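S.K.: Below is the structure I would like to discuss, written out as structure tokens.
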Amino acid sequence: MLMVSRMPKEVSDSIGYYDSEISFEEENVLKLTDKKYQNDFIKLDKLPSGRGFSFIKPGVQVLGKTVEKRNTDQANFIKVKFGKGNIYVHSEPLFLTNYYLLKSGNIKYAQDVFSYLQDRETLWFVKSNSKESRFFMRFILSNPALKYAWWVLLGGFVLFIFLMPKESRELCR
């Protein structure tokens with residue numbers, strides 16, 4: 001299953017669809033097309049990407065759509081037969097974030113999306129352009145509050161060493 005905000009053109013051309021900007025709404029509703037999931041949906045109200053699939057070749061099955069008030073419904077979740085298996089592509093990975101999954105009722109949509117996967121080996125493709133540091137302190141230094149606390153601790157330790165009474169320093173030797 002691919003969850004992407006922008007699909008590489010080479011991939012979309014080879015499996016039969018084009019992704020495009022379909023929405024400029026501040027709120028999108030994602031629904032699945034299968035009748036058994038018609039009551040399960042998720043409302044994206046924080047920065048939806050507005051991406052979907054504008055041209056779909058025959059043989060590509062539309063599994064989900066973006067429903068808006070002022071626009072026609074657009075495909076956002078598709079299934080493509082490829083070799084011995086299937087490729088599932090969802091254009092709105094935002095629904096998998098904690099913000100949406102922790103809202104009541106939204107988990108059902110995520111369960112429905114993943115119910116399309118068969119109970120066998122699944123390959124996940126996650127592309128990350130970030131060059132993450134391997135420094136052991138990266139978590140502390142990446143969080144402003146923890147970083148500030150770390151520097152205060154080190155500064156306090158240095159001050160303690162230099163301002164320690166002379167008698168205490170002699171005991172430490």
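The chains in the structure tokens are called A, B, ... from first to last as shown; in each chain the residues are counted from 1, and the ligands are counted from 1 in the order shown.
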Please give the complete set of residues from region 70-117 of chain A that DSSP, run on the backbone, assigns to helix (DSSP H, G or I), formatted as a list in words.

M.R.: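 Going through region 70-117 of chain A, the helix (DSSP H, G or I) residues come out as Pro93, Leu94, Phe95, Leu96, Asn98, Tyr99, Tyr100, Leu101, Ile107, Lys108, Tyr109, Ala110, Gln111, Asp112, Val113 and Phe114 of chain A.
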
S.K.: Next, write the just-selected residues to a file, as a CSV table (one decimal), in the first residue's frame, keeping N, CA, C and O atoms as the atom set.

M.R.:
```
chain,number,residue,atom,x,y,z
A,93,PRO,N,-2.5,10.6,3.0
A,93,PRO,CA,-1.9,9.8,4.2
A,93,PRO,C,-2.2,10.5,5.5
A,93,PRO,O,-1.9,9.9,6.6
A,94,LEU,N,-2.7,11.7,5.5
A,94,LEU,CA,-2.9,12.5,6.7
A,94,LEU,C,-3.9,11.8,7.7
A,94,LEU,O,-3.8,11.9,8.9
A,95,PHE,N,-4.8,10.9,7.1
A,95,PHE,CA,-5.7,10.2,8.0
A,95,PHE,C,-5.1,9.3,8.9
A,95,PHE,O,-5.7,8.8,9.9
A,96,LEU,N,-3.8,8.9,8.7
A,96,LEU,CA,-3.1,8.0,9.6
A,96,LEU,C,-2.3,8.7,10.7
A,96,LEU,O,-1.7,8.0,11.5
A,98,ASN,N,-1.8,10.8,14.3
A,98,ASN,CA,-2.5,10.7,15.6
A,98,ASN,C,-3.6,11.7,15.8
A,98,ASN,O,-4.6,11.4,16.4
A,99,TYR,N,-3.5,12.9,15.2
A,99,TYR,CA,-4.5,13.9,15.3
A,99,TYR,C,-5.9,13.3,14.8
A,99,TYR,O,-6.9,13.5,15.5
A,100,TYR,N,-5.9,12.6,13.7
A,100,TYR,CA,-7.2,12.0,13.2
A,100,TYR,C,-7.5,10.7,13.9
A,100,TYR,O,-8.7,10.4,14.1
A,101,LEU,N,-6.6,9.8,14.1
A,101,LEU,CA,-6.9,8.5,14.7
A,101,LEU,C,-7.4,8.6,16.1
A,101,LEU,O,-8.1,7.7,16.6
A,107,ILE,N,-11.2,5.9,13.7
A,107,ILE,CA,-10.4,4.7,13.5
A,107,ILE,C,-11.1,3.7,12.6
A,107,ILE,O,-10.4,2.9,12.0
A,108,LYS,N,-12.4,3.8,12.6
A,108,LYS,CA,-13.1,2.8,11.7
A,108,LYS,C,-12.8,3.0,10.2
A,108,LYS,O,-12.6,2.0,9.5
A,109,TYR,N,-12.6,4.2,9.8
A,109,TYR,CA,-12.2,4.5,8.4
A,109,TYR,C,-10.8,3.9,8.1
A,109,TYR,O,-10.6,3.2,7.1
A,110,ALA,N,-9.9,4.0,9.0
A,110,ALA,CA,-8.5,3.5,8.9
A,110,ALA,C,-8.6,1.9,8.8
A,110,ALA,O,-7.9,1.3,8.0
A,111,GLN,N,-9.4,1.4,9.7
A,111,GLN,CA,-9.6,-0.1,9.7
A,111,GLN,C,-10.2,-0.6,8.4
A,111,GLN,O,-9.7,-1.6,7.8
A,112,ASP,N,-11.1,0.2,7.8
A,112,ASP,CA,-11.7,-0.2,6.6
A,112,ASP,C,-10.7,-0.1,5.4
A,112,ASP,O,-10.7,-1.0,4.5
A,113,VAL,N,-9.9,0.9,5.4
A,113,VAL,CA,-8.9,1.0,4.4
A,113,VAL,C,-7.9,-0.2,4.4
A,113,VAL,O,-7.6,-0.8,3.4
A,114,PHE,N,-7.5,-0.5,5.6
A,114,PHE,CA,-6.5,-1.6,5.8
A,114,PHE,C,-7.2,-3.0,5.6
A,114,PHE,O,-6.5,-4.0,5.4
```

S.K.: Considering only C-alpha atoms, return as a PyMOL selection string whatever protein or nucleic-acid residues lie within 7 Å of region 26-34 of chain A, sequence-local ones (same chain, fewer than 3 positions apart) excluded.

M.R.: chain A and resi 37-38+40-45+47-48+63-68

S.K.: I'd like the interatomic distance between CA of Lys147 (chain A) and CA of Pro165 (chain A), to a tenth of an Å.

M.R.: 29.2 Å

S.K.: Show me, as a VMD selection string, the residues that have an atom within 12 Å of Ile140 (chain A) when counting only C-alpha atoms, minus same-chain residues fewer than 5 positions from it.

M.R.: chain A and resid 135 145 to 151

S.K.: What is the CA of Ala75 (chain A)-CA of Gln61 (chain A) distance in Å, reported with one decimal?

M.R.: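 Computing it gives 9.7 Å between the two atoms.
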